[in-house]
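Presented below is the structure to which this report refers.
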Amino acid sequence: SEYEALDALGKARVPGTVRVRTPFAEVPNTGGELFYFALEQPTGATLADRLADPGWPAEARLETMVGLCRLLAKIHEMTIPERPQGTLVHRRLHPDAIFLGATPGGFVLTGFDVARATAETAYPGAPPFPLTAYDAPELGEGLSRASTRSDVYSVGILVHQVFAGELPFGEQPRSRADDGEPSPLPPLRPEHVPFGDAGELTALLDMMTAADPDDRPETLSEVLALLDAMQPAPMV
């Protein structure tokens, strides 16, 4: 549940995630039928705001995406004490859930309302999940199908949008071509990636957004290693 995820992140002091201000408590005079908790309200620009700025430097875009990968890698390495066999996954990454700070690597991640430990599901028997443009295809079969690879898919879509300036498949979930295969990811152009090789980054995003979760990198730590390898060596 959202509270379990945020409570675990707070206790583990994971930076960059929204904090619980008022712990889970019973609403007075409801006979134990209603409960609530309150979250801090992040301020400042969101990733959606930055995406609307054509002057946002490519280097700052890269640093922001690398920082997001590092944060999610830490989250994926965590477990919720009440569900020790599970890995914590976000399941609903999108630009409005990412508040950016004064520096490119500093931000607050929100939107944990459908976060879960992978060994459990908070929505047993729930109907198919209505997908957004950022959601991995397997989530259409239900939230219980989520894994760290589902978040990897969402980050791949975000990275493409951050550098290309638009979503790869528009505002709708990824469709399939007439032959039943998923629509191919539009390649990034050299002007999208002034710091490196557009073909290499497109190949990485192809892996991250593969329709079959088994074809994606399992962790964002793997993605970080590949991103680091693409960055040009500093000038001496």
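If you're wondering about the labels, chains in the structure tokens are A, B, ... by order shown, residues count from 1 in each chain, ligands from 1 in order shown.
If you count only C-alpha atoms and ignore residues fewer than 3 places along the chain from region 146-151 of chain A, what sits within 7 Å of it is His76, Val89, His90, Arg91, Thr118, Ala136, Leu139, Leu143, Ser154, Val155, Pro213, Arg216, Pro217, Glu218 and Thr219 of chain A.
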With all heavy atoms retained, could you export that selection as a compact mmCIF listing (two decimals), in the first residue's frame?
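Once everything was written out, this is part_35.txt:
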```
# COMPACT_ATOMS: atom_id res chain seq x y z
N HIS A 76 14.32 0.03 -5.35
CA HIS A 76 14.17 -1.38 -5.72
C HIS A 76 14.99 -2.31 -4.83
O HIS A 76 14.66 -3.50 -4.71
CB HIS A 76 14.59 -1.58 -7.18
CG HIS A 76 13.64 -0.99 -8.17
ND1 HIS A 76 13.95 -0.82 -9.50
CD2 HIS A 76 12.37 -0.53 -8.03
CE1 HIS A 76 12.92 -0.28 -10.13
NE2 HIS A 76 11.95 -0.10 -9.25
N VAL A 89 8.32 -1.63 -5.75
CA VAL A 89 8.26 -1.02 -7.08
C VAL A 89 7.22 0.10 -7.06
O VAL A 89 6.25 0.06 -6.32
CB VAL A 89 7.91 -2.06 -8.18
CG1 VAL A 89 9.05 -3.03 -8.38
CG2 VAL A 89 6.63 -2.81 -7.86
N HIS A 90 7.47 1.12 -7.90
CA HIS A 90 6.62 2.31 -7.88
C HIS A 90 5.30 2.07 -8.63
O HIS A 90 4.23 2.40 -8.15
CB HIS A 90 7.38 3.48 -8.52
CG HIS A 90 6.68 4.80 -8.39
ND1 HIS A 90 5.60 5.15 -9.17
CD2 HIS A 90 6.92 5.85 -7.58
CE1 HIS A 90 5.20 6.37 -8.84
NE2 HIS A 90 5.99 6.82 -7.88
N ARG A 91 5.40 1.57 -9.87
CA ARG A 91 4.26 1.17 -10.71
C ARG A 91 3.52 2.30 -11.40
O ARG A 91 2.64 2.04 -12.21
CB ARG A 91 3.23 0.33 -9.93
CG ARG A 91 3.77 -0.98 -9.39
CD ARG A 91 2.68 -1.98 -9.10
NE ARG A 91 1.81 -1.61 -8.00
CZ ARG A 91 0.93 -2.44 -7.44
NH1 ARG A 91 0.81 -3.66 -7.90
NH2 ARG A 91 0.16 -2.06 -6.45
N THR A 118 6.71 -6.69 -4.43
CA THR A 118 6.38 -7.61 -5.51
C THR A 118 5.92 -8.97 -5.02
O THR A 118 5.30 -9.72 -5.76
CB THR A 118 7.58 -7.81 -6.44
OG1 THR A 118 8.72 -8.20 -5.65
CG2 THR A 118 7.90 -6.54 -7.19
N ALA A 136 4.12 -0.05 -18.34
CA ALA A 136 4.54 -1.27 -19.01
C ALA A 136 3.33 -2.09 -19.44
O ALA A 136 2.31 -2.12 -18.74
CB ALA A 136 5.44 -2.09 -18.09
N LEU A 139 1.18 -4.43 -17.10
CA LEU A 139 0.28 -3.88 -16.08
C LEU A 139 -1.17 -3.89 -16.56
O LEU A 139 -2.09 -3.80 -15.75
CB LEU A 139 0.71 -2.46 -15.70
CG LEU A 139 2.08 -2.32 -15.03
CD1 LEU A 139 2.30 -0.89 -14.56
CD2 LEU A 139 2.24 -3.29 -13.88
N LEU A 143 -2.22 -5.11 -11.66
CA LEU A 143 -1.09 -4.55 -10.92
C LEU A 143 -0.18 -5.62 -10.33
O LEU A 143 1.00 -5.38 -10.09
CB LEU A 143 -1.62 -3.65 -9.79
CG LEU A 143 -2.16 -2.30 -10.23
CD1 LEU A 143 -2.90 -1.63 -9.07
CD2 LEU A 143 -1.05 -1.40 -10.73
N SER A 154 8.98 2.19 -17.68
CA SER A 154 8.49 3.56 -17.52
C SER A 154 9.63 4.56 -17.61
O SER A 154 9.48 5.64 -18.22
CB SER A 154 7.78 3.70 -16.17
OG SER A 154 6.65 2.87 -16.10
N VAL A 155 10.78 4.24 -17.01
CA VAL A 155 11.93 5.14 -17.09
C VAL A 155 12.40 5.26 -18.54
O VAL A 155 12.79 6.35 -18.99
CB VAL A 155 13.07 4.66 -16.17
CG1 VAL A 155 14.33 5.50 -16.39
CG2 VAL A 155 12.66 4.75 -14.71
N PRO A 213 8.80 -8.38 -20.46
CA PRO A 213 9.64 -7.95 -19.33
C PRO A 213 10.97 -8.68 -19.24
O PRO A 213 11.98 -8.09 -18.83
CB PRO A 213 8.76 -8.26 -18.10
CG PRO A 213 7.37 -8.29 -18.63
CD PRO A 213 7.46 -8.79 -20.03
N ARG A 216 13.97 -6.98 -20.87
CA ARG A 216 14.45 -5.70 -20.34
C ARG A 216 15.57 -5.93 -19.31
O ARG A 216 15.65 -7.01 -18.73
CB ARG A 216 13.31 -4.95 -19.64
CG ARG A 216 12.14 -4.63 -20.50
CD ARG A 216 11.01 -4.01 -19.70
NE ARG A 216 9.71 -4.26 -20.34
CZ ARG A 216 8.58 -4.41 -19.71
NH1 ARG A 216 8.53 -4.32 -18.37
NH2 ARG A 216 7.46 -4.66 -20.36
N PRO A 217 16.39 -4.91 -19.05
CA PRO A 217 17.31 -5.00 -17.92
C PRO A 217 16.50 -5.25 -16.64
O PRO A 217 15.43 -4.68 -16.46
CB PRO A 217 17.99 -3.63 -17.89
CG PRO A 217 17.85 -3.10 -19.28
CD PRO A 217 16.54 -3.63 -19.78
N GLU A 218 17.04 -6.09 -15.77
CA GLU A 218 16.29 -6.42 -14.55
C GLU A 218 16.29 -5.27 -13.56
O GLU A 218 15.32 -5.08 -12.83
CB GLU A 218 16.87 -7.66 -13.90
CG GLU A 218 16.11 -8.11 -12.66
CD GLU A 218 16.63 -9.40 -12.07
OE1 GLU A 218 17.64 -9.92 -12.57
OE2 GLU A 218 16.00 -9.90 -11.12
N THR A 219 17.38 -4.52 -13.52
CA THR A 219 17.51 -3.45 -12.54
C THR A 219 17.94 -2.15 -13.21
O THR A 219 18.54 -2.15 -14.30
CB THR A 219 18.54 -3.81 -11.46
OG1 THR A 219 19.86 -3.80 -12.05
CG2 THR A 219 18.25 -5.18 -10.86
```
* Write out as a PyMOL selection string which residues come within 12 Å of Gly199 (chain A) when counting only C-alpha atoms, dropping same-chain ones fewer than 4 positions away. => chain A and resi 185-194+203-206+230
Written selection (C-alpha atoms) as an mmCIF file, in the first residue's frame:
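Listed below is the output, result19.cif:
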```cif
data_model
loop_
_atom_site.group_PDB
_atom_site.id
_atom_site.type_symbol
_atom_site.label_atom_id
_atom_site.label_comp_id
_atom_site.auth_asym_id
_atom_site.auth_seq_id
_atom_site.Cartn_x
_atom_site.Cartn_y
_atom_site.Cartn_z
ATOM 1 C CA LEU A 185 10.442 2.878 -30.624
ATOM 2 C CA PRO A 186 11.156 5.959 -32.790
ATOM 3 C CA PRO A 187 14.945 6.441 -32.935
ATOM 4 C CA LEU A 188 16.544 9.442 -31.289
ATOM 5 C CA ARG A 189 18.295 11.825 -33.674
ATOM 6 C CA PRO A 190 21.839 13.169 -33.164
ATOM 7 C CA GLU A 191 20.513 16.618 -32.243
ATOM 8 C CA HIS A 192 18.578 14.989 -29.386
ATOM 9 C CA VAL A 193 21.769 13.615 -27.824
ATOM 10 C CA PRO A 194 24.576 16.194 -28.176
ATOM 11 C CA ALA A 203 19.413 0.793 -28.449
ATOM 12 C CA LEU A 204 19.358 1.053 -24.649
ATOM 13 C CA LEU A 205 15.828 2.483 -24.699
ATOM 14 C CA ASP A 206 14.760 -0.348 -27.026
ATOM 15 C CA MET A 230 27.901 6.100 -23.131
#
```
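Nearest to Val152 (chain A) of all the residues A:Glu222, A:Asp197, A:Thr43, A:Val108 is A:Glu222, based on only C-alpha atoms.
Closest approach to Val159 (chain A) among A:Val27, A:Val18, A:Ala58, A:Leu88 is made by A:Ala58 (distances from only C-alpha atoms).
Residues in contact with Lys74 (chain A) at 9 Å, where only C-alpha atoms are counted and same-chain residues fewer than 5 positions away are skipped, are listed as A:Val14, A:Cys69, A:Ser221.
Taking only C-alpha atoms, the non-local environment of region 182-184 of chain A within 12 Å (same-chain residues fewer than 6 positions away omitted) comprises Ala136, Pro137, Pro168, Phe169, Gly170, Pro173, Arg174, Ser175, Arg176, Thr202, Ala203, Leu205, Asp206, Met207, Thr209, Ala210, Ala211 and Asp212 of chain A.
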Selected residues, N, CA, C and O atoms, written as a tab-separated table (two decimals), in the first residue's frame, please.
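The resulting file, out-v6.tsv, is shown below:
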```tsv
chain	number	residue	atom	x	y	z
A	136	ALA	N	4.12	-0.05	-18.34
A	136	ALA	CA	4.54	-1.27	-19.01
A	136	ALA	C	3.33	-2.09	-19.44
A	136	ALA	O	2.31	-2.12	-18.74
A	137	PRO	N	3.42	-2.77	-20.59
A	137	PRO	CA	2.24	-3.49	-21.11
A	137	PRO	C	1.68	-4.52	-20.15
A	137	PRO	O	0.46	-4.73	-20.10
A	168	PRO	N	7.16	8.78	-27.18
A	168	PRO	CA	7.43	7.98	-28.38
A	168	PRO	C	6.20	7.46	-29.09
A	168	PRO	O	6.22	7.26	-30.30
A	169	PHE	N	5.10	7.24	-28.35
A	169	PHE	CA	3.89	6.68	-28.94
A	169	PHE	C	2.67	7.58	-28.72
A	169	PHE	O	1.53	7.11	-28.76
A	170	GLY	N	2.92	8.85	-28.45
A	170	GLY	CA	1.81	9.75	-28.17
A	170	GLY	C	1.27	9.56	-26.77
A	170	GLY	O	1.88	8.90	-25.93
A	173	PRO	N	-1.36	4.43	-24.59
A	173	PRO	CA	-0.44	3.31	-24.38
A	173	PRO	C	0.10	2.78	-25.70
A	173	PRO	O	-0.51	2.97	-26.76
A	174	ARG	N	1.23	2.13	-25.64
A	174	ARG	CA	1.86	1.57	-26.84
A	174	ARG	C	0.93	0.61	-27.55
A	174	ARG	O	0.31	-0.26	-26.92
A	175	SER	N	0.79	0.76	-28.85
A	175	SER	CA	-0.09	-0.10	-29.62
A	175	SER	C	0.71	-1.19	-30.32
A	175	SER	O	1.93	-1.25	-30.22
A	176	ARG	N	0.01	-2.04	-31.05
A	176	ARG	CA	0.66	-3.09	-31.83
A	176	ARG	C	0.40	-2.86	-33.31
A	176	ARG	O	-0.65	-2.37	-33.70
A	202	THR	N	19.39	5.00	-28.19
A	202	THR	CA	18.17	4.40	-28.73
A	202	THR	C	18.17	2.89	-28.48
A	202	THR	O	17.13	2.31	-28.12
A	203	ALA	N	19.32	2.24	-28.68
A	203	ALA	CA	19.41	0.79	-28.45
A	203	ALA	C	19.13	0.45	-26.99
A	203	ALA	O	18.45	-0.54	-26.69
A	205	LEU	N	17.26	2.25	-24.93
A	205	LEU	CA	15.83	2.48	-24.70
A	205	LEU	C	14.99	1.37	-25.32
A	205	LEU	O	13.94	1.01	-24.78
A	206	ASP	N	15.45	0.81	-26.44
A	206	ASP	CA	14.76	-0.35	-27.03
A	206	ASP	C	14.72	-1.50	-26.03
A	206	ASP	O	13.69	-2.18	-25.88
A	207	MET	N	15.85	-1.74	-25.35
A	207	MET	CA	15.90	-2.81	-24.35
A	207	MET	C	14.99	-2.49	-23.17
A	207	MET	O	14.25	-3.35	-22.69
A	209	THR	N	12.36	-0.71	-23.01
A	209	THR	CA	10.92	-0.68	-23.32
A	209	THR	C	10.48	-1.91	-24.10
A	209	THR	O	9.45	-1.88	-24.78
A	210	ALA	N	11.24	-3.00	-24.01
A	210	ALA	CA	10.82	-4.24	-24.67
A	210	ALA	C	9.46	-4.67	-24.16
A	210	ALA	O	9.13	-4.52	-22.97
A	211	ALA	N	8.62	-5.21	-25.05
A	211	ALA	CA	7.27	-5.63	-24.66
A	211	ALA	C	7.31	-6.76	-23.64
A	211	ALA	O	6.48	-6.81	-22.73
A	212	ASP	N	8.25	-7.67	-23.79
A	212	ASP	CA	8.40	-8.79	-22.86
A	212	ASP	C	9.29	-8.36	-21.70
A	212	ASP	O	10.45	-7.98	-21.93
```
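Take the candidates A:Ile75, A:Ala225, A:Ala38, A:Ala164 and check each one against Leu51 (chain A) using only C-alpha atoms; the shortest distance goes to A:Ala164.
Distance check against Pro95 (chain A) using only C-alpha atoms: of A:Glu181, A:Leu226, A:Gln161, A:Pro42, the minimum falls on A:Gln161.
Computed from the coordinates, the CA of Arg145 (chain A) to CA of Ala97 (chain A) distance equals 21.4 Å.
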